[in-house]
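A.B. asks: Take this structure first; my questions come after.
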Amino acid sequence: MSSILYILNENLEPLISRNIRALPSTDLPIAQFKKLYHPGSPPVIRGNHDTFEYMYQGFSYVYIRRDSLFFVSLVDNTVDIMETLHYLEQFYLLLKNYFTVKVLDKNLILDNPILVMELLDESIDFGFIQVTDAGLIKDYIRVKTNVPEIDEKNKRLQLGGVKNQSEFDDEDDMFGSESDEGRKKVQKQRRKLKHRHKSTTKRELGHLTKKVVQTWKRDQKKKGTFGNNDNDHDGHIEGGDNDDELDDTFMNSDIAKTTVMAISWRTKGIHYAKNEFYLDVVEKIEYYMDYDSQTVRKNTIHGQIVCKSFLSGMPELHVSINKILNKDKQFLSSCKFHQCVSLESIEEGKEITFIPPDGDFILCSYELKRHVRDQPIIKLNKFELKQKLNKFKLQIHCSVESHFKPTNVTSKLNLQIPLKQLFQKYQIDLSKNIKSKCDEGKVLFNVSDDFLLWEIGAMKGGHGENQLSMVVEFALFNQEEYDRKQEELRTSMNPPPLVEGIKLEEIYQQIHGDDHDVTKETPAQDKRELEKTQLLHINFEIPYSTLSGINIEYLKIEEPQLQYQSFPWVRYKAINDEEYAYAI
Amino acid sequence: MAPLDKKIKKFLKNSIRVAPKISDKGELAELRTGLVSQYPQTRKDAIKQTIKQMTLGKDVSTLFPDVLKNIATNDIEQKKLVYLYVMNYAEIHPELCILVVNTFVTDAQDPNPLIRCMAIRTMSMIRVDKILEYIETPLRKTLQDDNPYVRKTAVICVAKLFQLNKELCIELGVLEDLSNALGDENPMVIANAIASLAEIYNLDESAVPLPTLIQSHVDQFLNALNECTEWARVTILTALSEYRAADSLEAQNIIDRVTAHLQHVNPAVVLATIKVIIKNLGIIDGGQKSDLIMKKISSALISLMSTPPELQYVALKNIRIILEKYPEILTKELRIFYIKFNDPLYVKLEKVEILIRLVDPSNLKQCTLLLNELKEYSMEFDPEFVSRCILGLSQLGIKYSDERFIQKVLDILVELLESGQDSIKDDCCIAMCNLLRHCPTNASMSKNICSILNSWVSPVTLLQQDTAKCNYIWLMGEYPQYFSTLNDKIDEFVENFSAESTLTQTSLLITVVKLHNSLKGSVLQTVLEAATHETSEIDVRDMAMIYWRCLSIDDSSALVSQLCNLHAPVINSTIDSFTPEVLEKLLSQLGTISSVYFKPMDDSMRKQLQHQNVIKGKHFDELQSLAKNELESKNNDDILLDFDSESVNQNTSAQTQNNNLLSDLDDLFDFGATATPNNNSTPGTVTEGMKNLSLNNDASKSNTTSSNTEDLLNLF
C-alpha cells in the first residue's frame with residue numbers, strides 16, 4: 001500500500017508530503033529517493049537495502065513525472081503497482097482539473113497546499129484509493145484555488161514583500177475566484193431556477209443550492225445590496241433558520257451518499273431547462289507510409305465516442321451501434337468503455353446501456369487496424385522533384401486524391417511538405433520569387449520551420465476520381481548570373497534595383513544562420529529525429545464521415561421519473577491523428 | 001425571517017480581518033497573535049498560514065496549544081485545517097492530546113456525516129496512546145452508522161488501529177465488526193472492508209481468517225463488483241484472485257462474471273481481472289472456451305499498451321510473466337511492441353525483451369521483420385539500449401536456429417561493428433560468441449568471426465566488460481589457428497591478469513593451460529604464479545593449483561588435453577526464464593511489486609518485515625518526541641527548531657544527557673531485531689520494555705510542560 005505520498009519539484013525537493021500510514025518520518029525516505037533516482041530510472045525504484053534505515057527496508061518508490069513535478073509514492077511490498085501508478089496519474093489529472101490549467105507547476109502547488117492536502121485525503125485513505133473522479137470531489141471539496149491570473153497582480157504581489165504576501169494572497173484569492181464563480185453562476189442559477197419550481201425535491205438539492213446561495217449572497221453583499229427580497233426567499237427555502245452552523249451540517253450530507261452509491265459518477269438532482277445529449281463519434285486516423293518504397297507502416301483508426309450530457313435527473317440511455325449488433329470482433333475486443341457503461345449490456349450484444357455522468361466524458365474508445373492495402377482516406381498519389389538544371393529551376397509536383405464517400409467534403413485539408421532536406425541538398429535562391437500553381441487552395445511557405453503548407457480547405461470525396469495537384473517552383477542559385485549581376489552593379493552607375501516586399505533570403509539567413517553550424521558539428525545522431533524532418537504531414541477533418549463505418553443506430557434517452565423531452569445529437573467526424581504522414 | 005441586523009452583525013464579525021503586524025519577534029509570534037485573535041476570520045487566516053508553513057517543512061509545532069484552541073468551531077473548513085495540524089504534530093505533544101480527544105469524541109457524533117468521518121479518520125491516525133484509548137466508542141458507533149460514507153471510512157480505521165496498536169484492536173473486538181461489514185449492502189463498504197482485512201491479514205495472519213472469509217463471501221463480491229467505483233473493483237478483484245474455485249463450474253462462473261471488466265478503462269482493473277481469470281483458467285475444462293478467453297486476455301493486454309509509459313512499463317513486466325505461461329497468447333501482435341522513438345528507455349528495454357520472447361521461431365517472415373527492426377534499433381544513440389538490441393539480435397538468431405538466418409544476424413553485427421563506436425564492441429563480441437556456441441560445427445562462420453575479432457588491435461583495453469573479455473579469451477582458446485597474433489594478445493591479457501575480475505581470470509587460466517604447448521614457455525608459468533599468488537579469488541586459486549599439479553605429474557599432456565578439450569555444450573536459448581515454482585507464484589502476484597522485480601514474495605517474509613516496522617516505528621517515534629521535548633524545554637524562545645533530519649545518530653550526539661536512555665533503547669531494539677525471527681514471544685517483551693521507558697519518560701516530561709497544560713485546561 002502507498003504509505004507516503006510526495007509531490008516533488010524538479011530538484012526532487014518535496015513541495016507536499018502526506019504521511020498516510022503514520023510512518024515516523026517523511027523526510028528520511030525522500031532523502032533516500034534523491035540518492036536512488038537518476039534521470040531515466042524506471043517508475044519503480046527499489047529502496048536500497050544496505051544504506052537505508054532498517055525500518056524502510058521493505059519499501060519501494062513508485063513515481064511518475066508530469067510537467068516539472070514528480071509524484072512519488074512510498075510503497076510497501078504488498079502494493080498493487082498498476083493501481084498505484086494509475087492513481088498517481090489520476091491524481092495529477094485531478095489537480096489539473098481543479099486548477100483548470102494545462103500545465104502544472106510548483107507554484108500552483110505551493111500556493112494551494114491546503115487544497116492539495118484535502119484532495120489527497122479524500123482520494124486516498126490509509127493507502128486505499130477511494131475516489132479520483134473530479135466531478136464528484138468537486139461537489140464537496142470547494143477550497144478556492146489560488147491561480148495567478150493577471151501579470152499586474154503578480155507584480156504587485158512581489159512588491160508587497162514577503163511579510164505582507166499573505167494578505168495579498170488572500171485578496172488575490174478573492175479576485176481570482178470571482179471570474180470562476182461568475183462562470184459557474186450561470187449554470188448554478190439555472191439549477192436554482194428549477195429549485196424554485198420543484199420545491200418538493202429541495203431537500204435533495206440541499207448541497208447544491210446551499211453553495212449557490214452562499215456564493216450568490218456573497219456577491220450580493222459585496223455589492224452592498226443585502227437584504228434583497230430574493231435573498232430572503234432563498235433563505236426560506238433552506239428551511240427557515242439561516243444560521244451558518246446549520247449550513248454546514250446541511251451541506252454535503254447528500255454528496256457523501258453519491259460517492260458510495262452504486263452510481264458513483266452522477267449526483268442526484270441535476271437539472272437543465274433544456275435536456276440535450278451530444279454524442280460525437282471521432283475517428284483519428286493514423287497512417288504512415290514510406291513513399292519511396294510504397295510500404296505502409298501504420299494504418300490504424302483510433303476512435304472515440306465523446307459525449308456531452310446536459311440531462312436532468314437520472315436518465316438511462318440506450319445506444320445501439322452497428323458494430324456491436326454485427327458482433328464485429330475487432331471492435332468488441334479493442335473497445336474500452338467508460339465506467340458508467342453497464343458491461344453486461346454489451347455482453348448481451350444489443351446495445352450499450354448507461355447512466356451518463358454530467359458534462360463531458362468519453363463513452364468508449366476503440367482501435368481498429370486496417371489492412372495495409374486499404375486506401376488511406378487522403379492519398380498522396382504523386383510527389384516528385386523535377387529539376388531543370390539548365391534553367392536553374394526546381395519543381396515540386398504533388399497531388400492528392402480522396403477516398404471517402406463522394407457526398408462528404410473535407411472541412412479542412414492541409415498538406416505540410418518538408419523542405420529541410422531540399423535546402424540542404426540544393427542551393428536555393430530565395431531572392432527570386434517562389435512560383436506556385438495549384439488546383440485548389442493556396443500554397444504558403446513557412447520560412448522558420450522549412451515547410452510548404454498547401455491549404456486546400458474543402459475537397460470532395462470520391463474513390464480516387466477526385467484529384468488535386470499543385471506545382472511549386474524554386475529558383476536555384478545561379479553562380480554565373482550572380483557574378484554577372486555583381487559585375488554589373490559594380491560597373492553601372494544605376495542604383496541597385498529596389499526589391500519590393502519581404503526579403504525571404506535574409507529572413508531565412510537570420511533564422512537558420514545559427515543552426516546550420518550546429519548541424520554540421522553534430523551529424524544528426526538520432527536517425528528517427530532525422531526521419532521526422534522528412535515527413536509529409538496531412539491534416540484533415542471530414543465531418544459526417546467515419547472510416548470504419550461505425551454507425552449509431554439509435555440513441556434513446558429515458559428518465560422514468562421526470563419524463564422530459566430530450567434532444568439527442570449525433571455527429572461523426574474523421575480527423576487525422578498526430579501521425580498521418582508520408583516519409584519522402 | 002432572521003432579523004436583519006443580527007445577520008449584518010454576524011457578517012461583520014466574520015469578515016473582519018486584522019492585518020498581521022510586522023514585529024521583530026519573528027513569524028511564529030505573529031502567527032500566535034493571529035491564532036488567539038478575537039476575530040474568527042483572522043484566526044482562520046492564521047491557521048491557514050500555519051498549515052502553509054507546515055507543508056513547507058517548517059516546524060510550527062510550538063504553536064500546538066494555540067492552534068488547538070480553534071478546534072471547537074462550527075466552520076467545517078477550519079475544523080479540517082486544525083485536524084490536519086493535529087495529525088501532524090500530535091506525536092510531539094502527546095500530553096496535550098487529551099484536550100483534543102474530547103472534541104474528537106463529540107465530533108464523531110456530529111449530525112454531519114463528513115465531520116463524523118473526519119473525526120474518526122483523524123483519530124485513528126494519531127500515534128499517541130492516549131488518543132487511541134478513547135477510540136472505542138466512536139469507532140463502534142461509526143461502524144454501525146447508517147450513512148455508508150461514514151461506514152466506509154470507519155472500516156478503514158480498524159486497519160489503522162490494528163497497525164498502531166494490535167492488542168487494543170483485538171481487545172475491543174472490532175475485528176468481528178469488520179468481518180461483518182463484508183456483508184454490507186453498500187459495495188464501497190465491502191471493498192474497503194476487504195482492503196482492511198487484507199491489510200490486517202498481512203500484518204498478522206492469526207488475527208483474521210481472511211481466506212475463509214473470502215471463501216464465504218464470493219457471491220457478495222461478485223454482485224458488488226458491477227456497482228462500485230473503479231478502485232473498489234480493483235480491491236474486490238484482488239480478493240477474488242485469492243479465492244480458489246471449488247470445481248470447474250464455479251471457476252467458469254467466476255470467469256464469466258469478471259470477463260467484462262477486461263474492457264474497463266482503468267488499467268489496474270484490467271490487470272486485476274486478468275489475474276482472476278488466469279487463476280481460474282487452470283480449473284475449467286479447456287477446449288474452445290479457453291481459446292476465446294485467451295483472445296480476450298490478449299486484446300486486454302494490448303489495450304494496456306496505450307497507457308502512459310510508466311503504466312506500460314508495469315504492463316510489459318506482467319506480460320512477460322504471462323507470456324512464459326501462455327507463450328502463444330500474443331504471437332500475432334508483434335507490431336504493438338515495436339519501439340516508438342519517444343518511448344522512455346525503460347519501456348524500450350522491456351519491449352525488446354517481449355519482442356524476443358514473442359516472436360514465433362517457425363515463422364520466417366516474422367523473424368526477418370523483427371531482425372530488421374532490431375537492426376534499426378541498434379543504430380540508435382542510447383548505449384544501454386543498443387547493447388540490449390545487440391544481445392537481442394543474437395537471441396533471435398539462436399531462437400530461429402537456422403544457419404542461414406544466423407549468418408544474416410552475423411552480417412548485421414559486422415555491419416554494426418564497421419559503422420559503430422568502440423562501445424558496442426563488447427556486446428558484439430558476446431553476441432558473436434553466443435552465436436558460435438549455438439552452431440559450433442560451422443567452420444566458415446567461426447573463421448569469419450575469428451578474423452574479425454583478430455583484427456582488433458588491443459582487446460584488453462578495447463573490451464570493458466568482464467563477460468566480453470571472457471568470451472574473447474574463450475574464443476582464442478577454441479580456435480587458436482585463426483588468430484594470427486595469438487601470442488601478443490595473450491601476453492597482453494596476462495600482463496593485466498591481476499587487474500581483471502574473476503571470469504576473465506578463470507577463462508584466461510584455462511586458455512593458457514590449454515594452449516601451453518603452442519605458447520611461449522614463460523606465459524604458463526606467469527599465469528599460474530599470478531593465479532596462485534596475486535589473486536584473492538579462491539576459485540581461481542584452486543583451479544590454478546589443480547592445473548599446476550596436473551601439469552607437474554609425469555605424462556601430463558594427455559591428462560591436460562583431456563581436461564581442456566572438453567567442448568562447451570551447445571546453447572539452445574539465451575533467453576532467461578523462470579522456474580515453474582517461481583512462475584506460478586509470480587502469476588498469482590500479478591500487478592504487485594514482485595511482478596516488477598520478478599522476485600516472488602514469500603508470505604512469511606512479508607509479514608515479518610511489516611511486523612518489525614511497527615515496533616521500530618514506535619521506537620523511532622519515542623526517540624523523536626523525546627528529543628524534541630528535551631530541546632523544547634531548553635529553548636522556550638520562538639526559535640524555529642530545525643529538526644528535519646531525525647536520524648538517531650544526530651539526536652544522540654546532540655544530547656549527551658540522553659545518551660544513557662538512548663543507548664538503552666538501542667540495545668533493546670537490536671535485541672528485538674535479531675530475536676524476532678527466532679522467537680515470536682520476544683516482540684511482546686520488547687514493546688513492553690519500551691512502554692515502560694516511555695512511561696518514565698512521560699513522568700519526567702510532565703514537569704516541564706504542566707504549566708502549559710494548565711493554561712489550556714483553564715481555557716476549555
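Each chain in the C-alpha cells gets a letter, A, B, ..., in the order shown, and its residues are numbered from 1; ligands are numbered from 1 in order too.
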Please report as a list of chain:residue names which residues of chain B come no farther than 6 Å from chain A, using only C-alpha atoms.

C.D. replies: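 That gives B:Thr55, B:Asn74, B:Asn112, B:Tyr149, B:Met188, B:Glu227, B:Cys228, B:Ala260, B:Gln263, B:His264, B:Val265, B:Ala268, B:Ser299, B:Glu310, B:Tyr346, B:Gly591, B:Thr592, B:Ile593, B:Asn613, B:Gly617, B:Asp621 for chain B.
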
A.B. asks: Could you dump the residues just selected with N, CA and C atoms as an mmCIF file, in the first residue's frame?

C.D. replies:
data_model
loop_
_atom_site.group_PDB
_atom_site.id
_atom_site.type_symbol
_atom_site.label_atom_id
_atom_site.label_comp_id
_atom_site.auth_asym_id
_atom_site.auth_seq_id
_atom_site.Cartn_x
_atom_site.Cartn_y
_atom_site.Cartn_z
ATOM 1 N N THR B 55 3.455 22.686 5.678
ATOM 2 C CA THR B 55 3.686 21.926 4.459
ATOM 3 C C THR B 55 5.009 22.295 3.819
ATOM 4 N N ASN B 74 -17.619 25.622 14.426
ATOM 5 C CA ASN B 74 -18.625 25.016 13.571
ATOM 6 C C ASN B 74 -18.256 25.136 12.108
ATOM 7 N N ASN B 112 -23.449 15.940 11.039
ATOM 8 C CA ASN B 112 -22.906 15.952 9.677
ATOM 9 C C ASN B 112 -21.983 14.753 9.459
ATOM 10 N N TYR B 149 -21.172 6.348 3.813
ATOM 11 C CA TYR B 149 -19.914 7.082 3.683
ATOM 12 C C TYR B 149 -19.110 7.004 4.975
ATOM 13 N N MET B 188 -19.121 -0.031 -1.679
ATOM 14 C CA MET B 188 -17.923 0.684 -1.257
ATOM 15 C C MET B 188 -17.447 0.199 0.107
ATOM 16 N N GLU B 227 -21.149 -2.676 -9.259
ATOM 17 C CA GLU B 227 -21.841 -1.477 -8.794
ATOM 18 C C GLU B 227 -20.931 -0.485 -8.110
ATOM 19 N N CYS B 228 -19.639 -0.680 -8.168
ATOM 20 C CA CYS B 228 -18.810 0.231 -7.375
ATOM 21 C C CYS B 228 -17.791 0.976 -8.230
ATOM 22 N N ALA B 260 -16.123 -9.205 -18.423
ATOM 23 C CA ALA B 260 -16.496 -7.897 -18.963
ATOM 24 C C ALA B 260 -15.532 -6.802 -18.511
ATOM 25 N N GLN B 263 -12.581 -4.898 -20.337
ATOM 26 C CA GLN B 263 -12.744 -3.723 -21.191
ATOM 27 C C GLN B 263 -12.877 -2.438 -20.393
ATOM 28 N N HIS B 264 -12.499 -2.499 -19.156
ATOM 29 C CA HIS B 264 -12.577 -1.289 -18.339
ATOM 30 C C HIS B 264 -11.469 -0.322 -18.731
ATOM 31 N N VAL B 265 -11.721 0.970 -18.490
ATOM 32 C CA VAL B 265 -10.709 1.966 -18.863
ATOM 33 C C VAL B 265 -9.504 1.899 -17.944
ATOM 34 N N ALA B 268 -5.609 -0.792 -13.975
ATOM 35 C CA ALA B 268 -5.480 -1.604 -12.766
ATOM 36 C C ALA B 268 -6.622 -2.621 -12.702
ATOM 37 N N SER B 299 -6.396 -9.217 -26.141
ATOM 38 C CA SER B 299 -6.741 -7.852 -26.539
ATOM 39 C C SER B 299 -6.702 -6.907 -25.345
ATOM 40 N N GLU B 310 4.743 4.906 -17.887
ATOM 41 C CA GLU B 310 5.005 4.274 -16.597
ATOM 42 C C GLU B 310 4.139 3.032 -16.427
ATOM 43 N N TYR B 346 13.353 2.793 -20.217
ATOM 44 C CA TYR B 346 12.927 1.587 -19.512
ATOM 45 C C TYR B 346 11.838 0.832 -20.269
ATOM 46 N N GLY B 591 0.789 -7.806 -10.993
ATOM 47 C CA GLY B 591 0.412 -6.448 -10.636
ATOM 48 C C GLY B 591 1.032 -5.970 -9.349
ATOM 49 N N THR B 592 1.550 -6.862 -8.549
ATOM 50 C CA THR B 592 2.181 -6.410 -7.324
ATOM 51 C C THR B 592 3.637 -6.064 -7.590
ATOM 52 N N ILE B 593 4.291 -5.655 -6.556
ATOM 53 C CA ILE B 593 5.657 -5.204 -6.740
ATOM 54 C C ILE B 593 6.571 -6.356 -7.132
ATOM 55 N N ASN B 613 8.394 -3.378 11.335
ATOM 56 C CA ASN B 613 8.170 -1.970 11.051
ATOM 57 C C ASN B 613 7.447 -1.281 12.187
ATOM 58 N N GLY B 617 8.759 1.470 14.452
ATOM 59 C CA GLY B 617 8.073 2.743 14.333
ATOM 60 C C GLY B 617 7.889 3.390 15.684
ATOM 61 N N ASP B 621 9.541 6.802 17.037
ATOM 62 C CA ASP B 621 8.654 7.864 17.438
ATOM 63 C C ASP B 621 9.020 8.371 18.827
#

A.B. asks: For a test of reading the model, state the distance in Å between atom CA of A:Ser2 and atom CA of B:Asp177, rounded to one decimal.

C.D. replies: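 These two atoms are separated by 24.9 Å.
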
A.B. asks: Report the distance between atom CA of A:Asn11 and atom CA of A:Lys144 in Å, rounded to one decimal place.

C.D. replies: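 Spanning atom CA of A:Asn11 to atom CA of A:Lys144 is a straight-line distance of 27.8 Å.
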
A.B. asks: Tell me which protein, DNA and RNA residues are within 10 Å of B:Leu583, counting only C-alpha atoms, leaving out same-chain ones fewer than 4 positions away, and put them as a PyMOL selection string.

C.D. replies: chain B and resi 321-322+324-325+577-579+587-589+598-600

A.B. asks: With DSSP run on the backbone, what are the strand (DSSP E) residues within stretch 61-112 of chain A? I'd like them as a PyMOL selection string.

C.D. replies: chain A and resi 61-66+69-75

A.B. asks: Save the residues we just selected, N, CA, C and O atoms, as a PDB file, in the first residue's frame?

C.D. replies:
ATOM      1  N   TYR A  61       9.875   2.777  -4.207  1.00  0.00           N
ATOM      2  CA  TYR A  61       9.296   4.039  -4.638  1.00  0.00           C
ATOM      3  C   TYR A  61       8.620   3.846  -5.977  1.00  0.00           C
ATOM      4  O   TYR A  61       9.144   3.174  -6.845  1.00  0.00           O
ATOM      5  N   VAL A  62       7.470   4.451  -6.088  1.00  0.00           N
ATOM      6  CA  VAL A  62       6.782   4.456  -7.366  1.00  0.00           C
ATOM      7  C   VAL A  62       6.613   5.916  -7.744  1.00  0.00           C
ATOM      8  O   VAL A  62       6.208   6.715  -6.904  1.00  0.00           O
ATOM      9  N   TYR A  63       6.979   6.260  -8.936  1.00  0.00           N
ATOM     10  CA  TYR A  63       6.830   7.674  -9.265  1.00  0.00           C
ATOM     11  C   TYR A  63       6.406   7.864 -10.713  1.00  0.00           C
ATOM     12  O   TYR A  63       6.622   7.000 -11.558  1.00  0.00           O
ATOM     13  N   ILE A  64       5.777   9.003 -10.956  1.00  0.00           N
ATOM     14  CA  ILE A  64       5.591   9.417 -12.331  1.00  0.00           C
ATOM     15  C   ILE A  64       6.100  10.845 -12.425  1.00  0.00           C
ATOM     16  O   ILE A  64       6.109  11.578 -11.444  1.00  0.00           O
ATOM     17  N   ARG A  65       6.532  11.221 -13.574  1.00  0.00           N
ATOM     18  CA  ARG A  65       6.984  12.594 -13.763  1.00  0.00           C
ATOM     19  C   ARG A  65       6.023  13.249 -14.733  1.00  0.00           C
ATOM     20  O   ARG A  65       5.838  12.797 -15.854  1.00  0.00           O
ATOM     21  N   ARG A  66       5.409  14.312 -14.278  1.00  0.00           N
ATOM     22  CA  ARG A  66       4.481  15.029 -15.138  1.00  0.00           C
ATOM     23  C   ARG A  66       4.819  16.508 -15.060  1.00  0.00           C
ATOM     24  O   ARG A  66       5.057  17.030 -13.976  1.00  0.00           O
ATOM     25  N   LEU A  69       6.929  18.262 -12.347  1.00  0.00           N
ATOM     26  CA  LEU A  69       6.754  17.743 -10.996  1.00  0.00           C
ATOM     27  C   LEU A  69       6.903  16.219 -10.958  1.00  0.00           C
ATOM     28  O   LEU A  69       6.653  15.536 -11.936  1.00  0.00           O
ATOM     29  N   PHE A  70       7.312  15.752  -9.797  1.00  0.00           N
ATOM     30  CA  PHE A  70       7.350  14.316  -9.572  1.00  0.00           C
ATOM     31  C   PHE A  70       6.234  13.968  -8.601  1.00  0.00           C
ATOM     32  O   PHE A  70       6.056  14.650  -7.601  1.00  0.00           O
ATOM     33  N   PHE A  71       5.519  12.930  -8.907  1.00  0.00           N
ATOM     34  CA  PHE A  71       4.537  12.411  -7.969  1.00  0.00           C
ATOM     35  C   PHE A  71       5.074  11.077  -7.484  1.00  0.00           C
ATOM     36  O   PHE A  71       5.164  10.132  -8.257  1.00  0.00           O
ATOM     37  N   VAL A  72       5.457  11.062  -6.229  1.00  0.00           N
ATOM     38  CA  VAL A  72       6.137   9.884  -5.710  1.00  0.00           C
ATOM     39  C   VAL A  72       5.289   9.242  -4.618  1.00  0.00           C
ATOM     40  O   VAL A  72       4.676   9.936  -3.814  1.00  0.00           O
ATOM     41  N   SER A  73       5.296   7.950  -4.629  1.00  0.00           N
ATOM     42  CA  SER A  73       4.614   7.239  -3.553  1.00  0.00           C
ATOM     43  C   SER A  73       5.583   6.219  -2.966  1.00  0.00           C
ATOM     44  O   SER A  73       6.236   5.480  -3.694  1.00  0.00           O
ATOM     45  N   LEU A  74       5.685   6.243  -1.664  1.00  0.00           N
ATOM     46  CA  LEU A  74       6.499   5.235  -0.970  1.00  0.00           C
ATOM     47  C   LEU A  74       5.583   4.052  -0.692  1.00  0.00           C
ATOM     48  O   LEU A  74       4.579   4.211  -0.004  1.00  0.00           O
ATOM     49  N   VAL A  75       5.917   2.901  -1.246  1.00  0.00           N
ATOM     50  CA  VAL A  75       5.001   1.769  -1.111  1.00  0.00           C
ATOM     51  C   VAL A  75       5.691   0.599  -0.421  1.00  0.00           C
ATOM     52  O   VAL A  75       6.895   0.431  -0.530  1.00  0.00           O
TER      53      VAL A  75
END

A.B. asks: Rounded to one decimal place, report the atom CA of A:Gly135-atom CA of B:Asn266 distance in Å.

C.D. replies: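 Separation of atom CA of A:Gly135 and atom CA of B:Asn266: 16.8 Å.
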
A.B. asks: Would you kindly return, as a PyMOL selection string, each protein, DNA or RNA residue with an atom no farther than 10 Å from any atom of stretch 558-564 of chain A, considering only C-alpha atoms and excluding same-chain residues fewer than 3 positions away?

C.D. replies: chain A and resi 273-275+311-318+355+555+567

A.B. asks: Env of B:Tyr479: 9 Å cut, atoms = only C-alpha atoms, seq-sep filter 6 positions within chain, self excluded. Answer as a list in words.

C.D. replies: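 Here the answer would be Ser446, Lys447 and Cys450 of chain B.
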
A.B. asks: Can I get the selection written as a PDB file, in the first residue's frame, with all heavy atoms?

C.D. replies:
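And here's result-v4.pdb as it stands now:
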ATOM      1  N   SER B 446      32.992 -19.710 -37.935  1.00  0.00           N
ATOM      2  CA  SER B 446      33.976 -19.476 -36.891  1.00  0.00           C
ATOM      3  C   SER B 446      35.200 -18.760 -37.453  1.00  0.00           C
ATOM      4  O   SER B 446      35.773 -17.876 -36.810  1.00  0.00           O
ATOM      5  CB  SER B 446      34.371 -20.803 -36.235  1.00  0.00           C
ATOM      6  OG  SER B 446      34.648 -21.764 -37.207  1.00  0.00           O
ATOM      7  N   LYS B 447      35.535 -19.107 -38.690  1.00  0.00           N
ATOM      8  CA  LYS B 447      36.677 -18.449 -39.320  1.00  0.00           C
ATOM      9  C   LYS B 447      36.397 -16.957 -39.464  1.00  0.00           C
ATOM     10  O   LYS B 447      37.222 -16.101 -39.139  1.00  0.00           O
ATOM     11  CB  LYS B 447      36.925 -19.074 -40.689  1.00  0.00           C
ATOM     12  CG  LYS B 447      38.256 -18.700 -41.278  1.00  0.00           C
ATOM     13  CD  LYS B 447      38.529 -19.528 -42.523  1.00  0.00           C
ATOM     14  CE  LYS B 447      39.793 -19.066 -43.195  1.00  0.00           C
ATOM     15  NZ  LYS B 447      40.016 -19.782 -44.446  1.00  0.00           N
ATOM     16  N   CYS B 450      36.417 -15.145 -36.112  1.00  0.00           N
ATOM     17  CA  CYS B 450      37.750 -15.002 -35.555  1.00  0.00           C
ATOM     18  C   CYS B 450      38.560 -13.961 -36.314  1.00  0.00           C
ATOM     19  O   CYS B 450      39.307 -13.196 -35.715  1.00  0.00           O
ATOM     20  CB  CYS B 450      38.478 -16.341 -35.589  1.00  0.00           C
ATOM     21  SG  CYS B 450      37.757 -17.499 -34.434  1.00  0.00           S
TER      22      CYS B 450
END

A.B. asks: Under the rule that only C-alpha atoms are counted, which of B:Arg233, B:Arg17, B:Arg244, B:Lys375 is the nearest residue to B:Val270?

C.D. replies: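 Residue with the minimum atom-to-atom distance to B:Val270: B:Arg233.
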
A.B. asks: Excluding stretch 171-173 of chain B and its own-chain neighbours fewer than 2 positions away, which residues fall within 10 Å of it when counting only C-alpha atoms? Please give them as a PyMOL selection string.

C.D. replies: chain B and resi 135-137+139-140+166-169+175-178

A.B. asks: Ranking A:Lys106, A:His403, A:Lys96, A:Arg571 by minimum distance to A:Leu12 and counting only C-alpha atoms, which one comes first?

C.D. replies: A:Lys106

A.B. asks: If you run DSSP on the backbone, which residues of stretch 339-482 of chain B are helix (DSSP H, G or I), as number ranges by chain?

C.D. replies: B: 345-358, 364-377, 383-400, 403-419, 422-438, 443-454, 459-462, 466-478, 480-482

A.B. asks: Identify, on the basis of only C-alpha atoms, every residue whose closest approach to B:Ile473 does not exceed 9 Å; exclude the query and any residue fewer than 5 positions from it along the same chain; express the result as an mmCIF file with N, CA, C and O atoms, in the first residue's frame.

C.D. replies:
data_model
loop_
_atom_site.group_PDB
_atom_site.id
_atom_site.type_symbol
_atom_site.label_atom_id
_atom_site.label_comp_id
_atom_site.auth_asym_id
_atom_site.auth_seq_id
_atom_site.Cartn_x
_atom_site.Cartn_y
_atom_site.Cartn_z
ATOM 1 N N ALA B 468 32.652 -9.897 -21.753
ATOM 2 C CA ALA B 468 33.148 -9.735 -23.112
ATOM 3 C C ALA B 468 34.574 -10.263 -23.204
ATOM 4 O O ALA B 468 34.924 -11.034 -24.096
ATOM 5 N N GLU B 478 39.602 -21.653 -28.190
ATOM 6 C CA GLU B 478 38.871 -22.615 -29.006
ATOM 7 C C GLU B 478 39.432 -22.688 -30.427
ATOM 8 O O GLU B 478 39.541 -23.745 -31.008
ATOM 9 N N ILE B 490 47.590 -12.803 -26.003
ATOM 10 C CA ILE B 490 47.581 -13.475 -24.708
ATOM 11 C C ILE B 490 48.548 -12.786 -23.754
ATOM 12 O O ILE B 490 48.228 -12.582 -22.568
ATOM 13 N N PHE B 493 46.903 -9.858 -22.218
ATOM 14 C CA PHE B 493 45.950 -10.232 -21.174
ATOM 15 C C PHE B 493 46.675 -10.660 -19.904
ATOM 16 O O PHE B 493 46.268 -10.310 -18.803
ATOM 17 N N THR B 504 37.237 -13.331 -16.221
ATOM 18 C CA THR B 504 38.336 -13.206 -17.165
ATOM 19 C C THR B 504 39.527 -14.023 -16.686
ATOM 20 O O THR B 504 40.173 -14.730 -17.462
ATOM 21 N N SER B 507 38.921 -17.771 -17.313
ATOM 22 C CA SER B 507 38.992 -18.198 -18.707
ATOM 23 C C SER B 507 40.409 -18.038 -19.250
ATOM 24 O O SER B 507 40.860 -18.830 -20.075
ATOM 25 N N LEU B 508 41.107 -17.047 -18.755
ATOM 26 C CA LEU B 508 42.487 -16.869 -19.196
ATOM 27 C C LEU B 508 43.327 -18.060 -18.742
ATOM 28 O O LEU B 508 44.138 -18.598 -19.499
ATOM 29 N N THR B 511 42.497 -21.075 -20.915
ATOM 30 C CA THR B 511 43.024 -20.931 -22.270
ATOM 31 C C THR B 511 44.535 -21.129 -22.300
ATOM 32 O O THR B 511 45.069 -21.818 -23.175
#
